[in-house]
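Text of run04.txt (compact mmCIF, C-alpha atoms and all ligand atoms) as supplied:
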# COMPACT_ATOMS: atom_id res chain seq x y z
CA MET P 15 27.34 16.63 124.62
CA TYR P 16 26.90 19.14 121.78
CA ASP P 17 23.44 20.34 120.79
CA LEU P 18 24.32 19.95 117.13
CA ILE P 19 27.16 18.40 115.16
CA ILE P 20 27.56 19.43 111.52
CA ILE P 21 29.69 17.26 109.25
CA GLY P 22 31.20 18.98 106.19
CA GLY P 23 32.45 22.56 105.75
CA GLY P 24 31.31 23.40 102.21
CA PRO P 25 28.66 26.08 101.52
CA ALA P 26 25.91 23.95 103.13
CA GLY P 27 27.81 23.05 106.32
CA LEU P 28 29.37 26.51 106.76
CA THR P 29 25.99 28.22 106.48
CA ALA P 30 24.39 25.72 108.85
CA THR P 31 27.17 26.34 111.39
CA ILE P 32 26.80 30.14 111.24
CA TYR P 33 23.00 29.88 111.62
CA ALA P 34 23.39 27.49 114.57
CA LEU P 35 25.89 29.86 116.25
CA ARG P 36 23.45 32.74 115.78
CA LYS P 37 20.80 30.62 117.53
CA ARG P 38 23.27 30.16 120.41
CA LEU P 39 23.36 26.42 119.95
CA ASN P 40 26.37 24.55 121.28
CA VAL P 41 27.50 23.51 117.81
CA LEU P 42 30.54 21.67 116.44
CA LEU P 43 31.57 21.60 112.77
CA ILE P 44 33.70 18.59 111.83
CA THR P 45 35.24 18.96 108.39
CA LYS P 46 38.21 18.08 106.23
CA ASP P 47 38.41 21.64 104.85
CA LEU P 48 36.64 24.99 104.88
CA GLY P 49 34.91 25.99 101.64
CA GLY P 50 34.45 22.56 100.06
CA LYS P 51 34.13 22.65 96.29
CA THR P 52 34.09 26.46 96.21
CA ASN P 53 37.88 26.11 96.39
CA TYR P 54 37.75 25.09 92.68
CA ARG P 55 37.81 27.80 89.98
CA LEU P 56 37.72 27.19 86.24
CA GLN P 57 40.47 28.97 84.33
CA CYS P 58 40.24 29.45 80.59
CA PRO P 59 41.84 32.08 78.35
CA ASP P 60 39.77 35.15 77.35
CA LEU P 61 36.67 34.50 79.44
CA ASP P 62 34.51 37.05 81.18
CA HIS P 63 34.14 35.57 84.67
CA HIS P 64 31.50 38.01 85.89
CA LEU P 65 28.93 35.65 84.32
CA VAL P 66 29.73 32.94 86.90
CA ILE P 67 27.53 32.88 90.02
CA ASN P 68 29.71 31.36 92.70
CA GLY P 69 28.50 32.78 96.03
CA GLU P 70 32.14 33.62 96.81
CA GLU P 71 31.42 36.64 99.06
CA VAL P 72 29.04 34.72 101.35
CA VAL P 73 31.22 31.63 101.56
CA ASN P 74 34.41 33.64 102.25
CA ARG P 75 32.66 35.61 104.96
CA PHE P 76 31.52 32.41 106.70
CA VAL P 77 34.96 30.80 106.29
CA ASN P 78 36.62 33.83 107.95
CA GLU P 79 34.16 33.75 110.82
CA ILE P 80 34.61 30.03 111.45
CA GLU P 81 38.41 30.30 111.20
CA TYR P 82 38.21 32.82 114.03
CA LEU P 83 35.68 30.82 116.12
CA ASP P 84 37.98 27.84 116.55
CA PHE P 85 35.97 26.38 119.47
CA ALA P 86 33.19 25.59 116.98
CA ARG P 87 35.23 23.53 114.54
CA VAL P 88 37.46 20.48 114.30
CA MET P 89 39.48 19.81 111.14
CA ASP P 90 39.16 16.04 110.80
CA LYS P 91 37.56 13.38 108.64
CA THR P 92 34.38 11.78 109.98
CA GLU P 93 34.56 8.03 109.58
CA GLY P 94 31.34 6.87 111.24
CA VAL P 95 28.06 8.03 112.69
CA GLU P 96 25.81 5.99 114.95
CA ARG P 97 22.75 6.43 117.09
CA VAL P 98 23.20 6.30 120.90
CA HIS P 99 20.47 6.43 123.54
CA ASP P 100 20.27 10.25 123.83
CA GLY P 101 21.57 11.32 120.44
CA PHE P 102 24.33 10.46 117.99
CA ARG P 103 28.00 9.57 118.20
CA VAL P 104 30.49 10.72 115.54
CA ARG P 105 33.86 8.99 115.12
CA THR P 106 36.77 10.68 113.35
CA ARG P 107 39.95 9.52 111.63
CA SER P 108 42.15 10.86 114.45
CA GLY P 109 40.36 8.49 116.85
CA LYS P 110 38.20 11.07 118.64
CA GLU P 111 34.50 10.68 119.35
CA TYR P 112 31.94 13.44 119.73
CA ALA P 113 28.32 13.24 120.81
CA GLY P 114 25.46 15.46 119.68
CA LYS P 115 21.73 15.62 120.24
CA ALA P 116 21.22 16.36 116.54
CA LEU P 117 23.26 16.03 113.34
CA ILE P 118 23.48 17.77 110.00
CA ILE P 119 25.24 15.83 107.25
CA ALA P 120 26.65 18.18 104.59
CA THR P 121 29.48 16.16 103.08
CA GLY P 122 28.83 17.07 99.43
CA ALA P 123 29.35 14.94 96.33
CA ASN P 124 32.35 14.30 94.12
CA ALA P 125 32.49 14.63 90.35
CA GLN P 126 33.58 11.44 88.61
CA ARG P 127 36.95 11.67 86.93
CA LEU P 128 37.95 10.39 83.48
CA ASP P 129 41.10 8.81 84.89
CA VAL P 130 43.10 9.28 81.66
CA PRO P 131 46.55 10.78 80.92
CA GLY P 132 46.51 14.60 81.03
CA GLU P 133 43.41 14.87 83.21
CA LYS P 134 45.25 15.95 86.38
CA ASN P 135 47.37 18.54 84.47
CA PHE P 136 44.36 20.28 82.95
CA MET P 137 41.78 19.91 85.72
CA MET P 138 40.00 23.31 85.96
CA ARG P 139 42.34 24.62 83.23
CA GLY P 140 39.98 24.15 80.30
CA LEU P 141 38.79 20.79 81.65
CA CYS P 142 35.72 21.42 83.80
CA TYR P 143 33.32 19.40 85.97
CA SER P 144 30.35 21.78 86.33
CA ALA P 145 28.69 22.95 83.12
CA VAL P 146 25.73 24.30 85.08
CA SER P 147 28.15 26.84 86.62
CA TYR P 148 30.37 27.70 83.65
CA ALA P 149 28.30 27.16 80.47
CA PRO P 150 27.22 30.86 80.34
CA LEU P 151 30.86 31.78 79.60
CA PHE P 152 31.01 29.92 76.29
CA ILE P 153 29.03 32.18 73.96
CA ASP P 154 29.89 31.40 70.29
CA ARG P 155 32.52 28.86 71.33
CA GLU P 156 33.10 25.24 70.44
CA THR P 157 32.85 22.94 73.43
CA VAL P 158 32.85 19.22 74.24
CA VAL P 159 30.66 17.40 76.77
CA ILE P 160 31.57 13.93 78.02
CA GLY P 161 28.82 11.69 79.45
CA ASP P 162 25.57 10.00 78.57
CA GLY P 163 23.30 10.66 81.57
CA SER P 164 21.05 13.55 82.51
CA LEU P 165 23.92 15.81 83.66
CA ALA P 166 25.59 15.51 80.23
CA LEU P 167 22.36 16.08 78.33
CA ARG P 168 21.49 19.16 80.38
CA ALA P 169 25.03 20.50 79.87
CA THR P 170 24.79 19.92 76.10
CA ALA P 171 21.43 21.72 75.95
CA GLU P 172 22.76 24.75 77.82
CA LEU P 173 25.97 24.99 75.78
CA ALA P 174 24.13 24.48 72.46
CA GLN P 175 21.81 27.38 73.24
CA ILE P 176 24.65 29.92 73.32
CA GLY P 177 27.61 28.16 71.71
CA LYS P 178 28.71 27.64 68.11
CA GLN P 179 29.14 23.88 68.26
CA VAL P 180 28.88 21.19 70.96
CA THR P 181 30.31 17.69 70.55
CA LEU P 182 28.75 15.15 72.89
CA ILE P 183 31.02 12.18 73.60
CA ALA P 184 28.60 9.52 74.89
CA PRO P 185 30.36 6.28 75.92
CA THR P 186 27.00 4.41 75.77
CA HIS P 187 23.50 5.11 74.45
CA GLY P 188 22.62 6.15 78.03
CA GLU P 189 19.67 8.55 78.17
CA LEU P 190 19.78 9.56 74.49
CA ASP P 191 16.28 8.12 73.93
CA THR P 192 14.68 10.50 76.45
CA PRO P 193 12.73 13.56 75.17
CA LEU P 194 15.75 15.77 75.99
CA GLY P 195 18.16 13.39 74.23
CA LYS P 196 15.99 13.35 71.07
CA ARG P 197 15.64 17.11 71.11
CA LEU P 198 19.40 17.60 71.36
CA LEU P 199 20.15 15.26 68.48
CA ALA P 200 17.87 17.34 66.25
CA LEU P 201 19.87 20.54 66.89
CA PRO P 202 22.14 21.63 64.01
CA ASN P 203 25.02 22.60 66.33
CA VAL P 204 25.18 19.33 68.31
CA THR P 205 27.36 16.45 67.08
CA LEU P 206 27.02 13.08 68.79
CA MET P 207 29.94 10.66 69.02
CA GLU P 208 28.32 7.58 70.53
CA GLY P 209 30.40 4.66 71.77
CA TYR P 210 33.56 6.78 72.06
CA ARG P 211 35.72 6.96 75.20
CA VAL P 212 38.24 9.60 76.12
CA GLU P 213 41.83 8.33 75.93
CA ALA P 214 43.78 11.48 76.80
CA VAL P 215 43.56 15.22 77.40
CA GLN P 216 46.16 17.38 75.64
CA GLY P 217 47.16 21.03 75.74
CA ASP P 218 49.73 23.62 76.76
CA GLU P 219 48.86 25.88 79.68
CA TYR P 220 45.19 24.91 79.15
CA ALA P 221 43.43 21.84 77.74
CA ARG P 222 43.15 22.28 73.98
CA ALA P 223 42.12 18.83 72.70
CA ILE P 224 40.94 15.40 73.73
CA VAL P 225 41.72 12.12 72.06
CA VAL P 226 38.69 9.80 71.76
CA LYS P 227 38.55 6.20 70.62
CA SER P 228 35.91 3.68 69.52
CA GLY P 229 37.33 0.37 68.29
CA ALA P 230 39.93 1.25 65.66
CA ASN P 231 38.61 4.81 65.21
CA VAL P 232 40.68 7.46 66.95
CA HIS P 233 39.99 11.22 66.73
CA GLU P 234 41.50 14.34 68.20
CA ILE P 235 38.86 16.98 69.01
CA ARG P 236 39.89 20.59 69.64
CA ALA P 237 37.61 22.97 71.59
CA SER P 238 37.57 25.97 73.96
CA ALA P 239 36.57 23.81 76.94
CA PHE P 240 35.81 20.19 77.84
CA PHE P 241 33.02 19.37 80.32
CA VAL P 242 33.15 16.07 82.17
CA GLU P 243 29.48 15.51 83.08
CA LEU P 244 29.35 12.02 84.56
CA ASP P 245 27.04 11.28 87.52
CA LEU P 246 28.10 12.83 90.83
CA ILE P 247 29.03 10.47 93.68
CA PRO P 248 27.45 11.63 96.98
CA ASN P 249 29.67 11.36 100.08
CA SER P 250 26.93 9.60 102.03
CA GLY P 251 28.80 6.39 102.91
CA LEU P 252 29.44 7.43 106.52
CA ALA P 253 25.68 7.68 107.18
CA SER P 254 24.26 5.11 104.76
CA ASP P 255 23.58 2.63 107.61
CA LEU P 256 21.76 5.32 109.57
CA VAL P 257 19.53 7.16 107.06
CA ASP P 258 17.63 6.33 103.86
CA CYS P 259 19.37 7.08 100.57
CA ASP P 260 18.04 6.92 96.99
CA SER P 261 19.39 4.59 94.27
CA LYS P 262 22.24 7.02 93.52
CA GLY P 263 23.27 7.19 97.19
CA CYS P 264 21.85 10.69 97.80
CA ILE P 265 20.41 11.15 101.31
CA LYS P 266 16.64 11.50 101.08
CA ILE P 267 15.31 14.66 102.76
CA ASP P 268 11.95 16.38 103.08
CA GLU P 269 11.22 20.10 102.60
CA ARG P 270 12.71 20.83 106.06
CA ASN P 271 15.92 18.87 105.37
CA ARG P 272 14.80 16.07 107.71
CA THR P 273 15.99 12.55 106.97
CA ASN P 274 13.91 9.53 107.98
CA VAL P 275 15.72 9.52 111.39
CA PRO P 276 14.46 12.14 113.89
CA GLY P 277 17.35 14.45 114.82
CA VAL P 278 19.36 13.78 111.64
CA PHE P 279 19.24 16.45 108.95
CA ALA P 280 21.14 16.75 105.67
CA ALA P 281 21.91 19.59 103.26
CA GLY P 282 23.61 20.33 99.96
CA ASP P 283 24.97 18.06 97.23
CA VAL P 284 24.90 14.95 99.44
CA THR P 285 21.08 15.05 99.38
CA ASP P 286 18.44 14.38 96.74
CA ALA P 287 17.60 18.14 96.58
CA PHE P 288 17.44 19.55 93.05
CA ALA P 289 20.57 21.02 91.38
CA GLU P 290 24.14 21.26 92.62
CA GLN P 291 24.97 24.93 93.09
CA VAL P 292 26.63 27.04 95.77
CA LEU P 293 23.64 29.34 96.33
CA ILE P 294 21.31 26.34 96.60
CA SER P 295 23.62 24.69 99.15
CA ILE P 296 23.78 27.91 101.17
CA GLY P 297 19.97 27.99 101.32
CA GLU P 298 19.74 24.29 102.13
CA GLY P 299 22.31 24.68 104.94
CA ALA P 300 20.33 27.57 106.43
CA LYS P 301 17.10 25.54 106.27
CA ALA P 302 18.73 22.50 107.87
CA ALA P 303 20.08 24.58 110.78
CA LEU P 304 16.70 26.19 111.43
CA ALA P 305 14.98 22.80 111.24
CA ALA P 306 17.53 21.32 113.69
CA TYR P 307 16.97 24.30 116.01
CA GLU P 308 13.20 23.68 115.99
CA TYR P 309 13.82 19.98 116.65
CA LEU P 310 16.05 20.80 119.64
CA LEU P 311 13.47 23.22 121.07
CA GLU P 312 11.06 20.33 121.30
CA GLN P 313 13.46 18.03 123.19
CA PRO P 314 13.26 17.60 126.99
CA VAL P 315 15.58 19.93 128.95
CA THR P 316 18.86 18.26 129.98
CA GLU P 317 22.10 19.51 131.49
CA LEU P 318 23.35 22.58 129.53
CA ALA P 319 26.75 22.06 127.93
CA GLY P 320 29.20 24.94 127.41
CA HIS P 321 31.28 25.52 124.30
CA GLY P 322 34.42 23.51 123.70
CA GLU P 323 35.51 20.11 122.58
CA ARG P 324 33.80 17.39 124.62
CA PRO P 325 35.16 13.92 123.96
CA TYR P 326 32.25 11.52 124.27
C1 LIG G 1 34.71 21.99 89.55
C2 LIG G 1 33.46 22.57 90.13
C3 LIG G 1 33.20 23.93 89.98
C4 LIG G 1 32.01 24.46 90.48
N1 LIG G 1 31.76 25.80 90.31
C5 LIG G 1 30.60 26.31 90.78
C6 LIG G 1 30.28 27.70 90.60
O1 LIG G 1 31.04 28.46 90.01
N2 LIG G 1 29.08 28.14 91.06
C7 LIG G 1 28.19 27.31 91.70
O2 LIG G 1 27.13 27.76 92.12
N3 LIG G 1 28.47 26.00 91.89
C8 LIG G 1 29.64 25.49 91.44
N4 LIG G 1 29.91 24.17 91.60
C9 LIG G 1 28.97 23.35 92.41
C10 LIG G 1 29.17 23.72 93.90
O3 LIG G 1 30.55 23.80 94.17
C11 LIG G 1 28.51 22.69 94.80
O4 LIG G 1 27.14 22.57 94.45
C12 LIG G 1 28.61 23.13 96.28
O5 LIG G 1 29.95 23.37 96.65
C13 LIG G 1 27.99 22.06 97.17
O6 LIG G 1 28.12 22.48 98.51
P1 LIG G 1 28.09 21.39 99.67
O7 LIG G 1 28.36 22.15 100.93
O8 LIG G 1 26.89 20.56 99.59
O9 LIG G 1 29.30 20.39 99.36
P2 LIG G 1 30.86 20.62 99.13
O10 LIG G 1 31.18 21.97 98.63
O11 LIG G 1 31.29 19.44 98.31
O12 LIG G 1 31.48 20.49 100.60
C14 LIG G 1 31.51 19.26 101.28
C15 LIG G 1 32.34 19.43 102.53
O13 LIG G 1 32.28 18.23 103.28
C16 LIG G 1 33.61 17.86 103.69
N5 LIG G 1 33.61 16.41 103.86
C17 LIG G 1 33.29 15.45 102.96
N6 LIG G 1 33.37 14.23 103.53
C18 LIG G 1 33.75 14.44 104.83
C19 LIG G 1 33.99 13.58 105.93
N7 LIG G 1 33.88 12.25 105.83
N8 LIG G 1 34.35 14.13 107.12
C20 LIG G 1 34.48 15.49 107.25
N9 LIG G 1 34.26 16.37 106.23
C21 LIG G 1 33.89 15.83 105.04
C22 LIG G 1 34.49 18.38 102.55
O14 LIG G 1 35.83 18.49 102.98
C23 LIG G 1 33.82 19.72 102.27
O15 LIG G 1 34.28 20.69 103.20
C24 LIG G 1 31.09 23.62 91.14
C25 LIG G 1 31.38 22.25 91.29
C26 LIG G 1 32.54 21.73 90.80
C27 LIG G 1 32.83 20.26 90.97

Rewritten as structure tokens:
Amino acid sequence: MYDLIIIGGGPAGLTATIYALRKRLNVLLITKDLGGKTNYRLQCPDLDHHLVINGEEVVNRFVNEIEYLDFARVMDKTEGVERVHDGFRVRTRSGKEYAGKALIIATGANAQRLDVPGEKNFMMRGLCYSAVSYAPLFIDRETVVIGDGSLALRATAELAQIGKQVTLIAPTHGELDTPLGKRLLALPNVTLMEGYRVEAVQGDEYARAIVVKSGANVHEIRASAFFVELDLIPNSGLASDLVDCDSKGCIKIDERNRTNVPGVFAAGDVTDAFAEQVLISIGEGAKAALAAYEYLLEQPVTELAGHGERPY
């Protein structure tokens, strides 16, 4: 039995794994990939990328270390997690089962897609899913934000502060009546297109325009970049029968990354922690590993397991 099983190899899970290894825990990382969403990079013509904070150096260093320490990782998809008498059992797509005394869930969250023609061609080529990361690049530019919830409003506010013009495509009235929504609508460089939906993304090497439609009204809007800011979908399904989640499906954690189940911790975008950013996930992963270490210190001594894959 492992001391600790970590599910998910993005910034949160990678950092948790490195911290657990440093604490000499018998740890296993189960993940579909190494790096998670840091493998995405926005490309746009004529942009000064030094303004993007992406934590690349830290994440790459941890990826290299874990690639080398192959006894501490399994590349597989986790399909289920359940409680057993002395810990937790994790089931993977390849049919293997692993047991751990403690768990860290760090499976991230996915951005919602528009699901329209052109989206796949221009994804991360002028069509972006993280304004909080890339907005600082768009000084004096014209941009478009798509969405009507808090992510879209926050993106519009940030882009309007530095940009020339922001067009907000809000499919519904959403959160426009909130104090932030009202404040945005009063800004001279924000244009609201309420009730419009995106029909297509167009461009050459990069996205250059979107086609939006409301009833019989169809418009083509050209801009430097297009930000899809719909609610994130947390990858918490595998543990939703085990731990408490909020109404959006984010795993609820306390200040030490503890869930409501003793021995189960969570970190990064899959949780209800504030803001989805690489550096925040790195910090959350470190906290979760240290909290799991403290939890394990308090458990009764049992047979010591060595490193290596231990089918349950
Ligand atoms: C397009 C885009 C660009 C971004 N750019 C930046 C940026 O420049 N700077 C910045 O700070 N933030 C950026 N962000 C946000 C940042 O990437 C995330 O906040 C961060 O990666 C979250 O880390 P995480 O470890 O919680 O989750 P993720 O990075 O999402 O990693 C989740 C991991 O869990 C694995 N996983 C998921 N489900 C399973 C399963 N069932 N079994 C096994 N493994 C599983 C995945 O394969 C992945 O390895 C960007 C986000 C997006 C969408």

At most 7 Å from ligand LIG 1 (chain G) (all atoms listed in the file): residue list as a VMD selection string
chain P and resid 21 to 27 44 to 52 54 to 56 66 to 69 90 to 93 120 to 125 138 142 to 144 147 to 148 249 252 281 to 284 290 to 293 295

Å distance separating CA of Ala303 in chain P from CA of Val275 in chain P, one decimal place
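For CA of Ala303 in chain P relative to CA of Val275 in chain P, the distance reads 15.7 Å.
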
For Val130 in chain P, please output as a VMD selection string all residues within 10 Å (counting all atoms listed in the file; exclusion window: fewer than 2 positions along the same chain).
chain P and resid 127 to 128 132 to 134 212 to 215

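Counting all atoms listed in the file and comparing P:Gly217, P:Leu42, P:Asp245, P:Tyr210, the residue that lies closest to Ala230 in chain P is P:Tyr210.
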
To one decimal place in Å, what is the distance between CA of Arg155 in chain P and CA of Glu172 in chain P?
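For CA of Arg155 in chain P relative to CA of Glu172 in chain P, the distance reads 12.4 Å.
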
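What separates CA of Ala34 in chain P from CA of Glu71 in chain P is a distance of 19.7 Å.
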
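Proximity to Thr205 in chain P was assessed for P:Asp286, P:Ala221, P:His187, P:Val180 counting all atoms listed in the file; the smallest distance is recorded for P:Val180.
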
Quick one: of P:Ile160, P:Val104, P:Leu28, P:Ala174, who's nearest to Arg87 in chain P, counting all atoms listed in the file?
P:Leu28

For Gln216 in chain P, please output as JSON, numbers by chain all residues within 10 Å (counting only C-alpha atoms; exclusion window: fewer than 3 positions along the same chain).
{"P": [131, 132, 133, 135, 136, 219, 220, 221, 222, 223, 224, 225, 234, 235, 236]}

Sphere at (29.0, 22.9, 76.3), radius 12 Å, counting all atoms listed in the file: residues as an NGL selection string:
:P and (140-161 or 165-183 or 203-205 or 237-243)

I want to know what sits within 6 Å of Leu18 in chain P, based on all atoms listed in the file, with residues of the same chain fewer than 2 positions away left out; could you give that as a list in words?
Tyr16, Val41, Gly114, Lys115, Ala116 and Leu117 of chain P

From the options P:Leu190, P:Ile118, P:Leu198, P:Val95, which residue's atoms come nearest to Ser254 in chain P, counting only C-alpha atoms?
P:Val95
